[in-house]
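The structure under discussion appears below in the form of structure tokens.
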Amino acid sequence: RVASARLVAAPIAVLTVAGLIAAASGLRSTELGLTFIRALPDDTEVARAADAASEGFTPGILAPTEVDLEQPGIVGRRPELARLESLIERQPNVVAVVGPREQPPPPAPRTMVSSDGSAARYAVVLDEDPLGAPAIDSMRALRERMPTLLRKSGLGQGVRVGFAGETPLADETVESVLEDLKRIGVVALAVNLVLLTFFLRALVAPLYLVASSVLGLAASLGLTTLFFQDLLGQDELTYYVPFAAAVLLVALGSDYNVFVAGRIWEEGRFRRLREAISVATPSAAKAITVAGVALAASFALLAIVPLGSFREF
């Protein structure tokens, strides 16, 4: 009853929203990557092999990024191709490059140049896990710099450039997931808003309820980022964890909204709003608290699974 008084409810609401916004601020530094190998337990054969290769060479040796150049007769421009290879080697986070400069003369197999002379390729080894967020950022920076590097090498315009390999594929996967998350998020929120509007027979209250769900979701993902990236020092979160968590949290938040707001609306038919809140909220809060504890315990069991992505989830 005390909390439902406006002089008390207002500062509670302000402090709660401020706390959620502060927790959601971690989203600004969220990085996503495909942590397939690093998510495995350290004692697995794959993880030990990856560690050995990284220590003996560099993490990027697991999957070099391929840079493909296409232009009629480009293979005949060996000095320019060699100059471009040297320029790529000097880019940040690039450890080594293998390209047309290392292509032995015939009859050796043509591995770095095409037989018709219209294409050449470079294998670029980065100093980071090829599927991690730092490697993706380095690959993006190299891709943005390629037009400048082509001009400096003398190859000029008219050269088609393509990037292939695990790192570009990881970049495309992350971007696709983010785009899908935006579209699905908009649709899910719209559906929730429509259903709440019909259920409550109101227009303003559903907007507040949906906004609180979004803020709660953002706070959850922000805290996850702060914990794993800032506290534990990980480079990124597994790319599908925010996607799956968002779908579940929006759905569960809608359930709890219905439980609380529905009870208040029922009591509001016979009482003033403040009295309806005072009567309905305690009884609804008990059920939600039990459900929330049970849900938290269920998800906490995922930490038993020895995979990094499950612990993040």
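Convention: chains lettered A, B, ... in structure tokens order; per-chain residue numbering from 1; ligands numbered from 1 as shown.
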
field: Contacts of Ile88 of chain A within 12 Å, only C-alpha atoms, excl. fewer than 2 positions in-chain, as a PyMOL selection string
entry: chain A and resi 65-67+81-86+90-99+122-126+138-139+141-143+145-150+152-153

Asp129 of chain A proximity check over A:Met112, A:Leu62, A:Leu169, A:Leu217, using only C-alpha atoms: winner is A:Leu62

*Step one, run DSSP on the backbone; step two, keep only residues of segment 2-147 of chain A assigned to strand (DSSP E); then write them as a ChimeraX atom specification.*
/A:32-33,65-70,94-98,119-126

Q. Near Val187 of chain A, within 12 Å and counting only C-alpha atoms, which residues show up once chain neighbours fewer than 6 positions away are dropped, as a list in words?
A.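 These residues fall inside the cut-off: Asp180, Leu181, Leu193, Val194, Val247 and Val250 of chain A.
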
Restricted to C-alpha atoms, what would the selected residues look like written as a tab-separated table (two decimals), in the first residue's frame?
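What landed in out_26.tsv:
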```tsv
chain	number	residue	atom	x	y	z
A	180	ASP	CA	17.11	-11.40	-38.08
A	181	LEU	CA	17.02	-10.42	-34.41
A	193	LEU	CA	1.44	-5.06	-27.86
A	194	VAL	CA	-1.65	-6.13	-29.81
A	247	VAL	CA	13.12	-14.66	-27.73
A	250	VAL	CA	10.41	-11.34	-24.24
```

- Write out as a VMD selection string the residues lying within 8 Å of Leu215 of chain A, counting only C-alpha atoms and excluding same-chain residues fewer than 3 positions away. chain A and resid 17 20 to 21 24 211 to 212 218 to 219

Running DSSP on the backbone, which parts of segment 114-251 of chain A land in helix (DSSP H, G or I), as a ChimeraX atom specification? /A:133-153,166-200,204-231,241-251

If we count only C-alpha atoms and set the cut-off at 10 Å, which residues sit around Asp51 of chain A, ignoring sequence neighbours fewer than 4 positions away in its own chain? Please answer as a PyMOL selection string. chain A and resi 37-38+42+45-47+55-59+62

Note to self: For a quick check of understanding, using only C-alpha atoms, which of A:Val260, A:Leu252, A:Leu32, A:Leu155 has the smallest distance to Val279 of chain A?
What the structure shows: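 Checking each candidate against Val279 of chain A, we get A:Val260 as the closest.
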
Pick from A:Ala294, A:Ala287, A:Ala170, A:Leu15 nearest to Ile136 of chain A, counting only C-alpha atoms:
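When distances to Ile136 of chain A are compared using only C-alpha atoms, the smallest one comes from A:Ala170.
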
Could you tell me how far atom CA of Thr173 of chain A lies from atom CA of Gly253 of chain A, in Å and to one decimal?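 Straight-line distance from atom CA of Thr173 of chain A to atom CA of Gly253 of chain A works out to 27.7 Å.
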
Between atom CA of Thr238 of chain A and atom CA of Asp43 of chain A, what is the spacing in Å?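 One can read the atom CA of Asp43 of chain A to atom CA of Thr238 of chain A distance as 20.1 Å.
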
Please tabulate, as CSV, the residues of segment 151-209 of chain A that come within 12 Å of segment 26-31 of chain A, each with its closest pair of atoms and the distance in Å to one decimal, counting only C-alpha atoms and ordering rows by chain, then residue number upward.
```
residue,atom,partner,partner_atom,distance
A:Asp171,CA,A:Glu31,CA,11.3
A:Val174,CA,A:Glu31,CA,9.7
A:Glu175,CA,A:Glu31,CA,11.5
A:Leu178,CA,A:Glu31,CA,11.3
```

Within 10 Å of Val2 of chain A, counting only C-alpha atoms, which residues show up once you throw out same-chain ones fewer than 4 positions away? Write them as a list in words, please. Arg6, Leu7, Val8, Ala9, Arg274 and Ser278 of chain A

Restricted to N, CA and C atoms, what would the selected residues look like written as a PDB file, in the first residue's frame?
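Result file follows (selection38.pdb):
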```pdb
ATOM      1  N   ARG A   6       1.679   7.666  -4.903  1.00  0.00           N
ATOM      2  CA  ARG A   6       2.434   8.305  -5.980  1.00  0.00           C
ATOM      3  C   ARG A   6       3.779   8.855  -5.495  1.00  0.00           C
ATOM      4  N   LEU A   7       3.806   9.444  -4.283  1.00  0.00           N
ATOM      5  CA  LEU A   7       5.060  10.016  -3.796  1.00  0.00           C
ATOM      6  C   LEU A   7       6.123   8.951  -3.569  1.00  0.00           C
ATOM      7  N   VAL A   8       5.692   7.707  -3.336  1.00  0.00           N
ATOM      8  CA  VAL A   8       6.642   6.605  -3.159  1.00  0.00           C
ATOM      9  C   VAL A   8       6.876   5.872  -4.475  1.00  0.00           C
ATOM     10  N   ALA A   9       5.792   5.680  -5.237  1.00  0.00           N
ATOM     11  CA  ALA A   9       5.906   4.930  -6.488  1.00  0.00           C
ATOM     12  C   ALA A   9       6.800   5.640  -7.501  1.00  0.00           C
ATOM     13  N   ARG A 274      -5.308   2.583  -7.103  1.00  0.00           N
ATOM     14  CA  ARG A 274      -4.321   2.379  -6.052  1.00  0.00           C
ATOM     15  C   ARG A 274      -4.706   1.193  -5.180  1.00  0.00           C
ATOM     16  N   SER A 278      -2.728  -2.433  -4.650  1.00  0.00           N
ATOM     17  CA  SER A 278      -2.388  -2.905  -3.302  1.00  0.00           C
ATOM     18  C   SER A 278      -2.907  -4.317  -3.046  1.00  0.00           C
TER      19      SER A 278
END
```

Exercise. Find the residue from A:Gly262, A:Pro242, A:Gly165, A:Thr35 that sits nearest to Ser283 of chain A; use only C-alpha atoms when measuring.
Key: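 For Ser283 of chain A, the nearest of the given residues is A:Gly262.
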